[in-house]
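These notes concern the structure reproduced below.
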Amino acid sequence: RLLYLPKIELFYFKNKQTSKPCPDLKSSAEVTQRITFHKKEMDEKDSKEYTRSEQEINENIQHLFNKLHLEGKMRAADVLQLTAHSLKSHKSCPVEELIQTFIQKLLMMDYKARNIKANQLIHTKDTKDSHEFQADADIFREMGGPGDADNTSDPVHPMDVQMAVFHCADGFLKQLMVTKLSQCQYALPLLVPDPFTQQTEFPLLTFRQISKSWKMRNKNNEIISQTQPIYKAQTPMVFFFRFGSVSSSKSQLMNSLINERHNTFFHRNCPGSSRTRVLMDGVVEIAWFCPSGKDTDKFTDCVAFCNLHGDAGDHEKQLQILTEMASVNVVLLLGLQKNDRSMMKLDELYKGSKPLICTFIEDVSSLSKTRNGKYKIGLKCRNQSDVSEELRRAINDCLSESYSTFRLEDVSKHSDIRVDEEDDDDCRRGREAAQQMMCLLEKKDLTEIKDSFLPHQGKLWHQWSQKNKELHRPRAYETEEDISRKQKEMTKIREQQYESDISEFIKLFIKEVNSHNECEKMFFLKWLRILLDEYWSTRISKELQAATFGVEHIMREIGQIYESCSSVKKNKKDLQFPFSSLPSFAAEMMISGFPLELMDGDAAHVPVIWISAVLDQLVQKLGDQRVFVLSVLGTQSSGKSTMLNAMFGLQFAVSAGRCTRGAFMQLVRVSDEMKTQMNFDFILVVDTEGLRSLELAGKSTRDHDNELATFVVGLANLTLINIFGESPSEMQDILQIVVQAFLRMKKVRLNPSCVFVHQNVSDVTAGEKNMEGRRRLQKTLDEMTKLAAEEEDYDAGCFSDVILFDVQNDVKYFAQLWEGSPPMAPPNPKYCENIQELKGIIILSVRNLKSPLSRVSTRRLPEI
């Protein structure tokens, strides 16, 4: 501020320090008066400049939001609709479609989502006729001179697109978005300043469903595998920040440490990057390096890396929080200047006990250690690989001496930042209700939880299911008396089920879902799912697989309470609400995007009474909508759920530590535009457990798999047959089950269709290889058809006699899911392209349907 004072005041201060009188001024009072005047003048000037700067920033932000056509909150339910835009593959698009395109690609786990460019018009101007062309003058004027103002483009920065979506998204969409960013191996927003108020937010809720897996070696050189919810993981943390404007890219330097093949942090040399960046200054992003347990790992433990965007001197709050929590601090700067405002903070870090690595942009020196835990590296004119290796060595040295660890959840303890979970009343109340339920699980024996809390789905439900199967598969020697006896036994089982008390856990659950508004109810379910998965993941072992406990088991219990009450036609005495209200809540869950269990994987049975009641409620709430049913079949761990989730942005419920059991259904809404084109209102997506399940080893797996295949094929308009790789033995086993299921549909005059998907094929572009694969598949299908026809006593000589099938168009080859080796590999962009192509085929099959789509009210549930 002294630089703005007149020279005479500066002269006075110098003389005052040396006790010499100033001849030009009569008294110090006059000096004080003049200094006060100039301070006031400067305060007013600073205030005006700050206000003008703040106003300009707000105008730029508002301009960006207007340009992207963002108005109000974006809901998860809106972006998960099937739209015409989502069926197209975009490499570029108009500016107003950038948001849609980014979200669409992100939901498919396409890490190239940030590379989408807005279509740019090529500006032209009139030139002279060729006979008037003067080489020297015209070339200089038309091509070598400065650009015209009206030719300058105003590109949208890719990270502005991402952050604009983040700021406009509701809590559910934010969580879905960050989960997908994590799957793409992108850095995640950790501290986010509000673009208008600058209030810093910590979006803790968005991290709640993310888990990371890694392998590390212990002192005995044994490999230890770990999987943890990332917000609870205790890891070292390395914090990168810069002072001032630097020419080297901090984010690019960080990428070289974490994953050289993938841009975890977006940097200035990434495709689409531009100088105009509006929403990133002050944002802190976080990413984790997860080791694979190999000697080639860059770090031997899971390490968090945080990156503060912008000049750290302008973001003191973020700087303070992260430097305090970090295990190692890494700063980029031009040089050291005593009068620099940032040197005080840097001096404090240098004198502190925490490791500090200073990287100097204008220094050519290699790595050197200035004192214990303090390092210096120069970047100027140096090879990027050499710098990365030295920096990695310095960080590893610091981590070996530093015992401090970082836990994401602890960031919320800072009082001067806003935490999304606490700020949203519905979210907070939903969490409190879920925590209240979790208190009932404390100090309970894991093997007894299901029996004590979920009595209606235990032995009695399994007995009833078995009797029901026997009743619908009468043997030739059975008499009417035998059938009547089974019916009486089933009625008796239902009565015993009805007499079972409702546990306090389920009573509390029913109370919560009937006493809150829709948003709070959805937060309650989301929190319960998060807390149950966390509870089980920390306690589960292979011996306790049967004891897994999730929201799907709670809903199964609700279904059995409903079926037992419906059977005896009266309400339970300890049920506070009419049992007839239970299906309404399940229908609301489905409408809000939650999956619902369709087939009990433990009893291998469909609770038809319960599911029918839920579908009836869907009709009441939505109207009698037209549905297209899409199902999937395949072996265990072949990528069925991943494929459906990527295709429609879904999150099918899977218990911690388990693959899918039974079958789950989820509604995908169709946009109004698509309804007129496709003549249907919803897609009902059915995810199923794997065939040839290892958990059923030693049991009658063939009968179980045949039942499952018959049910899924009979329910669906189109079934995706998922085959992992091209193993002949696996293909033969699966195809035999599939062909038999389709043959049974033919016998009852149902006409479903199928598409075969070969997952993890190394070279999906090899046309000759794929032609041979198709020929081999057709041959196997025809052979399996003959065998199945003999078993089912039906006349069919080839697979085309059973269903309409074109081996050229109804077989798809998918690239492997990961581009590289997990755990640090991002999803393969080719896999995402295959997903997009398959989605188009599914929609085409709807257009080619000869029979009209069924209504929800007429959807038949096959008996199995």
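Identifiers for the structure tokens are assigned positionally: chains receive A, B, ... in sequence, residues are indexed from 1 per chain, and ligands are indexed from 1 in the order shown.
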Just list the residues in region 162-367 of chain A DSSP gives strand (DSSP E or B) on the backbone, as a PDB file with C-alpha atoms, in the first residue's frame.
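Just written: part18.pdb:
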ATOM      1  CA  ALA A 169     -27.064 -31.357  -9.836  1.00  0.00           C
ATOM      2  CA  LEU A 188     -12.936 -36.122  -7.789  1.00  0.00           C
ATOM      3  CA  PRO A 189     -14.073 -32.718  -6.428  1.00  0.00           C
ATOM      4  CA  LEU A 190     -13.046 -32.511  -2.763  1.00  0.00           C
ATOM      5  CA  LEU A 191     -13.434 -28.838  -1.834  1.00  0.00           C
ATOM      6  CA  VAL A 192     -15.648 -26.780  -4.132  1.00  0.00           C
ATOM      7  CA  PRO A 193     -16.218 -23.011  -3.803  1.00  0.00           C
ATOM      8  CA  THR A 200     -16.484 -23.706   0.276  1.00  0.00           C
ATOM      9  CA  GLU A 201     -18.374 -27.015   0.160  1.00  0.00           C
ATOM     10  CA  PHE A 202     -17.128 -30.486   1.028  1.00  0.00           C
ATOM     11  CA  SER A 211     -14.747 -48.228  -2.645  1.00  0.00           C
ATOM     12  CA  LYS A 212     -11.151 -48.774  -3.697  1.00  0.00           C
ATOM     13  CA  SER A 213      -9.255 -52.038  -3.915  1.00  0.00           C
ATOM     14  CA  TRP A 214      -5.491 -52.493  -3.804  1.00  0.00           C
ATOM     15  CA  LYS A 215      -2.774 -55.012  -3.035  1.00  0.00           C
ATOM     16  CA  MET A 216       0.331 -54.441  -0.962  1.00  0.00           C
ATOM     17  CA  ARG A 217       3.154 -56.513   0.493  1.00  0.00           C
ATOM     18  CA  ILE A 223       0.509 -59.902  -0.760  1.00  0.00           C
ATOM     19  CA  ILE A 224      -2.417 -58.496   1.205  1.00  0.00           C
ATOM     20  CA  SER A 225      -5.610 -57.458  -0.617  1.00  0.00           C
ATOM     21  CA  GLN A 226      -7.724 -54.631   0.729  1.00  0.00           C
ATOM     22  CA  THR A 227     -11.093 -53.166  -0.256  1.00  0.00           C
ATOM     23  CA  GLN A 228     -12.360 -50.198   1.713  1.00  0.00           C
ATOM     24  CA  PRO A 229     -14.983 -47.457   1.443  1.00  0.00           C
ATOM     25  CA  THR A 235      -3.904 -43.348   3.705  1.00  0.00           C
ATOM     26  CA  MET A 237      -1.874 -37.814   1.412  1.00  0.00           C
ATOM     27  CA  VAL A 238       0.336 -35.695  -0.879  1.00  0.00           C
ATOM     28  CA  PHE A 239      -0.906 -32.149  -1.469  1.00  0.00           C
ATOM     29  CA  PHE A 240       0.126 -30.179  -4.579  1.00  0.00           C
ATOM     30  CA  PHE A 241      -0.356 -26.416  -4.851  1.00  0.00           C
ATOM     31  CA  ARG A 242       1.296 -23.425  -6.510  1.00  0.00           C
ATOM     32  CA  VAL A 284      -9.435 -29.027  -4.737  1.00  0.00           C
ATOM     33  CA  GLU A 285      -9.522 -32.403  -6.506  1.00  0.00           C
ATOM     34  CA  ILE A 286      -8.492 -35.756  -5.052  1.00  0.00           C
ATOM     35  CA  ALA A 287      -7.378 -39.050  -6.606  1.00  0.00           C
ATOM     36  CA  TRP A 288      -5.838 -42.221  -5.208  1.00  0.00           C
ATOM     37  CA  PHE A 289      -2.940 -44.328  -6.397  1.00  0.00           C
ATOM     38  CA  SER A 292      -1.268 -53.874  -7.473  1.00  0.00           C
ATOM     39  CA  VAL A 303      -1.739 -42.858  -1.488  1.00  0.00           C
ATOM     40  CA  ALA A 304      -4.169 -39.941  -1.879  1.00  0.00           C
ATOM     41  CA  PHE A 305      -3.147 -37.011  -4.095  1.00  0.00           C
ATOM     42  CA  CYS A 306      -4.829 -33.610  -3.723  1.00  0.00           C
ATOM     43  CA  ASN A 307      -4.570 -30.777  -6.230  1.00  0.00           C
ATOM     44  CA  LEU A 308      -5.512 -27.145  -5.535  1.00  0.00           C
ATOM     45  CA  HIS A 309      -6.395 -25.324  -8.755  1.00  0.00           C
ATOM     46  CA  GLY A 310      -5.403 -21.673  -9.097  1.00  0.00           C
ATOM     47  CA  ASP A 311      -3.010 -19.520  -7.065  1.00  0.00           C
ATOM     48  CA  VAL A 328       3.714 -34.356   2.263  1.00  0.00           C
ATOM     49  CA  ASN A 329       3.302 -30.880   0.765  1.00  0.00           C
ATOM     50  CA  VAL A 330       4.558 -30.147  -2.764  1.00  0.00           C
ATOM     51  CA  VAL A 331       4.647 -26.527  -3.978  1.00  0.00           C
ATOM     52  CA  LEU A 332       5.365 -25.135  -7.450  1.00  0.00           C
ATOM     53  CA  LEU A 333       6.693 -21.562  -7.655  1.00  0.00           C
ATOM     54  CA  LEU A 356       7.979 -30.143   2.048  1.00  0.00           C
ATOM     55  CA  ILE A 357       9.108 -30.425  -1.578  1.00  0.00           C
ATOM     56  CA  CYS A 358       9.717 -27.155  -3.445  1.00  0.00           C
ATOM     57  CA  THR A 359       9.725 -27.338  -7.243  1.00  0.00           C
ATOM     58  CA  PHE A 360      11.140 -24.247  -8.946  1.00  0.00           C
TER      59      PHE A 360
END
Legend entry - Residues near Thr206 (chain A), cut-off 10 Å, only C-alpha atoms, skip fewer than 5 positions along chain, as a PyMOL selection string: chain A and resi 171-179+188-190+231+420-421
Legend entry - All helix (DSSP H, G or I) positions in region 612-713 of chain A, as JSON, numbers by chain: {"A": [612, 613, 614, 615, 616, 617, 618, 619, 620, 621, 622, 640, 641, 642, 643, 644, 645, 646, 647, 648, 672, 673, 674, 675, 676, 677, 678, 694, 695, 696, 701, 702, 703, 704, 705, 706, 707, 708, 709, 710, 711, 712, 713]}
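Near region 272-282 of chain A, within 6 Å and counting only C-alpha atoms, sit Asn115, His157, Asp160, Arg268, Cys270, His309, Gly310 and His315 of chain A; same-chain residues fewer than 2 positions away were not included.
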Legend entry - Nearest-residue call for Ser249 (chain A), choices A:Asn269, A:Asn848, A:Ser404, A:Ser584, using only C-alpha atoms: A:Asn269
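Near Gln677 (chain A), within 12 Å and counting only C-alpha atoms, sit Leu82, Thr83, Ala84, Val670, Ser671, Asp672, Ile843, Leu844, Val846 and Arg847 of chain A, not including residues fewer than 5 positions from it in the same chain.
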Using C-alpha atoms, can you write the selected residues to a file as a short mmCIF file (atom, residue, chain, number, x, y, z; two decimals), in the first residue's frame?
data_model
loop_
_atom_site.label_atom_id
_atom_site.label_comp_id
_atom_site.auth_asym_id
_atom_site.auth_seq_id
_atom_site.Cartn_x
_atom_site.Cartn_y
_atom_site.Cartn_z
CA LEU A 82 -33.86 -42.84 -22.50
CA THR A 83 -33.66 -40.01 -25.03
CA ALA A 84 -32.93 -39.75 -28.75
CA VAL A 670 -38.48 -43.01 -21.86
CA SER A 671 -38.54 -39.32 -22.81
CA ASP A 672 -41.69 -37.87 -24.37
CA ILE A 843 -34.07 -49.87 -29.72
CA LEU A 844 -34.12 -51.19 -33.29
CA VAL A 846 -38.40 -52.53 -30.40
CA ARG A 847 -39.19 -50.82 -33.70
#
Legend entry - Residue nearest Ser412 (chain A) among A:Ala603, A:Val387, A:Val568, A:Leu204 (counting only C-alpha atoms):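 Smallest distance to Ser412 (chain A) is found for A:Leu204.
For the pair CA of Asn259 (chain A) and CA of Lys91 (chain A), the interatomic distance is 24.5 Å.
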Inset, instruction - May I have the residues within 9 Å of Trp610 (chain A) as a PyMOL selection string, using only C-alpha atoms and disregarding those fewer than 2 positions away in the same chain? - result: chain A and resi 559-560+562-563+583+606-608+612-615
Inset, instruction - Measure the distance from CA of Tyr813 (chain A) to CA of Ile734 (chain A) in Å and round it to one decimal. - result: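 According to the coordinates, CA of Tyr813 (chain A) and CA of Ile734 (chain A) are separated by 16.8 Å.
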At a cut-off of 9 Å, can you tabulate as JSON lines every residue of region 385-497 of chain A near region 501-509 of chain A together with its closest atom pair and the distance in Å to one decimal, using only C-alpha atoms and ordering rows by chain then number?
{"residue": "A:Ala433", "atom": "CA", "partner": "A:Phe509", "partner_atom": "CA", "distance": 8.8}
{"residue": "A:Ala434", "atom": "CA", "partner": "A:Phe509", "partner_atom": "CA", "distance": 8.6}
{"residue": "A:Gln436", "atom": "CA", "partner": "A:Leu508", "partner_atom": "CA", "distance": 8.7}
{"residue": "A:Met437", "atom": "CA", "partner": "A:Phe505", "partner_atom": "CA", "distance": 6.3}
{"residue": "A:Met438", "atom": "CA", "partner": "A:Phe505", "partner_atom": "CA", "distance": 8.7}
{"residue": "A:Leu440", "atom": "CA", "partner": "A:Phe505", "partner_atom": "CA", "distance": 6.7}
{"residue": "A:Leu441", "atom": "CA", "partner": "A:Phe505", "partner_atom": "CA", "distance": 8.5}
{"residue": "A:Ser452", "atom": "CA", "partner": "A:Ser503", "partner_atom": "CA", "distance": 7.2}
{"residue": "A:Phe453", "atom": "CA", "partner": "A:Ser503", "partner_atom": "CA", "distance": 5.3}
{"residue": "A:Leu454", "atom": "CA", "partner": "A:Ser503", "partner_atom": "CA", "distance": 7.1}
{"residue": "A:Pro455", "atom": "CA", "partner": "A:Ile502", "partner_atom": "CA", "distance": 7.8}
{"residue": "A:His456", "atom": "CA", "partner": "A:Ile502", "partner_atom": "CA", "distance": 8.2}
{"residue": "A:Gln497", "atom": "CA", "partner": "A:Asp501", "partner_atom": "CA", "distance": 8.8}
Let's have the selection written as a compact mmCIF listing (two decimals), in the first residue's frame, with all heavy atoms.
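Everything below was put into part-v9.txt:
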# COMPACT_ATOMS: atom_id res chain seq x y z
N ALA A 433 -32.33 -41.35 10.53
CA ALA A 433 -33.27 -42.47 10.58
C ALA A 433 -32.54 -43.79 10.28
O ALA A 433 -32.78 -44.81 10.94
CB ALA A 433 -34.41 -42.25 9.60
N ALA A 434 -31.64 -43.76 9.28
CA ALA A 434 -30.89 -44.97 8.93
C ALA A 434 -29.94 -45.37 10.06
O ALA A 434 -29.79 -46.56 10.38
CB ALA A 434 -30.11 -44.73 7.63
N GLN A 436 -30.40 -44.81 13.19
CA GLN A 436 -31.23 -45.36 14.26
C GLN A 436 -31.48 -46.85 14.03
O GLN A 436 -31.47 -47.65 14.97
CB GLN A 436 -32.55 -44.60 14.34
CG GLN A 436 -33.40 -44.94 15.55
CD GLN A 436 -34.68 -44.13 15.59
OE1 GLN A 436 -34.91 -43.26 14.74
NE2 GLN A 436 -35.53 -44.42 16.56
N MET A 437 -31.71 -47.22 12.79
CA MET A 437 -31.90 -48.63 12.46
C MET A 437 -30.62 -49.43 12.65
O MET A 437 -30.64 -50.56 13.14
CB MET A 437 -32.40 -48.78 11.03
CG MET A 437 -33.84 -48.33 10.82
SD MET A 437 -34.48 -48.86 9.24
CE MET A 437 -34.51 -50.64 9.44
N MET A 438 -29.50 -48.83 12.28
CA MET A 438 -28.22 -49.54 12.39
C MET A 438 -27.86 -49.82 13.83
O MET A 438 -27.17 -50.79 14.14
CB MET A 438 -27.11 -48.73 11.73
CG MET A 438 -27.25 -48.58 10.22
SD MET A 438 -27.33 -50.14 9.33
CE MET A 438 -25.75 -50.85 9.74
N LEU A 440 -29.71 -50.99 16.01
CA LEU A 440 -30.32 -52.27 16.39
C LEU A 440 -29.45 -53.46 16.01
O LEU A 440 -29.63 -54.56 16.54
CB LEU A 440 -31.70 -52.40 15.75
CG LEU A 440 -32.74 -51.34 16.13
CD1 LEU A 440 -34.01 -51.53 15.32
CD2 LEU A 440 -33.05 -51.40 17.62
N LEU A 441 -28.50 -53.26 15.07
CA LEU A 441 -27.64 -54.36 14.63
C LEU A 441 -26.40 -54.54 15.52
O LEU A 441 -25.73 -55.56 15.42
CB LEU A 441 -27.17 -54.12 13.20
CG LEU A 441 -28.24 -54.12 12.10
CD1 LEU A 441 -27.58 -53.86 10.75
CD2 LEU A 441 -29.00 -55.42 12.06
N SER A 452 -33.37 -63.46 13.39
CA SER A 452 -34.05 -62.64 14.40
C SER A 452 -34.73 -61.42 13.80
O SER A 452 -35.79 -61.00 14.27
CB SER A 452 -33.05 -62.21 15.48
OG SER A 452 -31.98 -61.49 14.90
N PHE A 453 -34.16 -60.86 12.77
CA PHE A 453 -34.71 -59.63 12.20
C PHE A 453 -35.62 -59.88 10.99
O PHE A 453 -36.47 -59.05 10.68
CB PHE A 453 -33.59 -58.68 11.77
CG PHE A 453 -32.89 -58.00 12.93
CD1 PHE A 453 -31.75 -57.25 12.72
CD2 PHE A 453 -33.39 -58.11 14.22
CE1 PHE A 453 -31.11 -56.62 13.79
CE2 PHE A 453 -32.75 -57.49 15.28
CZ PHE A 453 -31.61 -56.75 15.07
N LEU A 454 -35.40 -61.00 10.31
CA LEU A 454 -36.16 -61.29 9.08
C LEU A 454 -36.81 -62.68 9.15
O LEU A 454 -36.53 -63.55 8.32
CB LEU A 454 -35.24 -61.20 7.86
CG LEU A 454 -34.36 -59.95 7.72
CD1 LEU A 454 -33.40 -60.09 6.56
CD2 LEU A 454 -35.22 -58.70 7.56
N PRO A 455 -37.67 -62.91 10.13
CA PRO A 455 -38.23 -64.26 10.32
C PRO A 455 -39.16 -64.72 9.20
O PRO A 455 -39.32 -65.92 8.99
CB PRO A 455 -38.99 -64.13 11.64
CG PRO A 455 -39.33 -62.68 11.75
CD PRO A 455 -38.19 -61.95 11.12
N HIS A 456 -39.76 -63.80 8.48
CA HIS A 456 -40.75 -64.18 7.48
C HIS A 456 -40.14 -64.76 6.20
O HIS A 456 -40.86 -65.34 5.39
CB HIS A 456 -41.62 -62.97 7.11
CG HIS A 456 -42.51 -62.51 8.21
ND1 HIS A 456 -42.06 -61.73 9.26
CD2 HIS A 456 -43.83 -62.72 8.44
CE1 HIS A 456 -43.06 -61.48 10.09
NE2 HIS A 456 -44.14 -62.07 9.62
N GLN A 497 -46.47 -68.38 9.14
CA GLN A 497 -45.73 -67.17 8.76
C GLN A 497 -46.42 -65.93 9.31
O GLN A 497 -45.78 -65.00 9.82
CB GLN A 497 -45.65 -67.10 7.23
CG GLN A 497 -44.39 -66.48 6.67
CD GLN A 497 -44.39 -66.44 5.16
OE1 GLN A 497 -45.41 -66.64 4.50
NE2 GLN A 497 -43.24 -66.16 4.59
Inset, instruction - Name the residues in contact with region 398-400 of chain A at a cut-off of 8 Å, using only C-alpha atoms, excluding same-chain residues fewer than 4 positions from it; report them as a PyMOL selection string. - result: chain A and resi 236+327-328+355+373+394
Legend entry - Closest of A:Ile116, A:Val161, A:Cys290, A:Leu817 to Thr642 (chain A) - atom-to-atom distances counting only C-alpha atoms: A:Leu817
Legend entry - Selected residue of minimal separation from Phe549 (chain A) among A:Val283, A:Leu838, A:Leu528, A:Val632, counting only C-alpha atoms: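 Looking only at the distances to Phe549 (chain A), the closest residue turns out to be A:Leu528.
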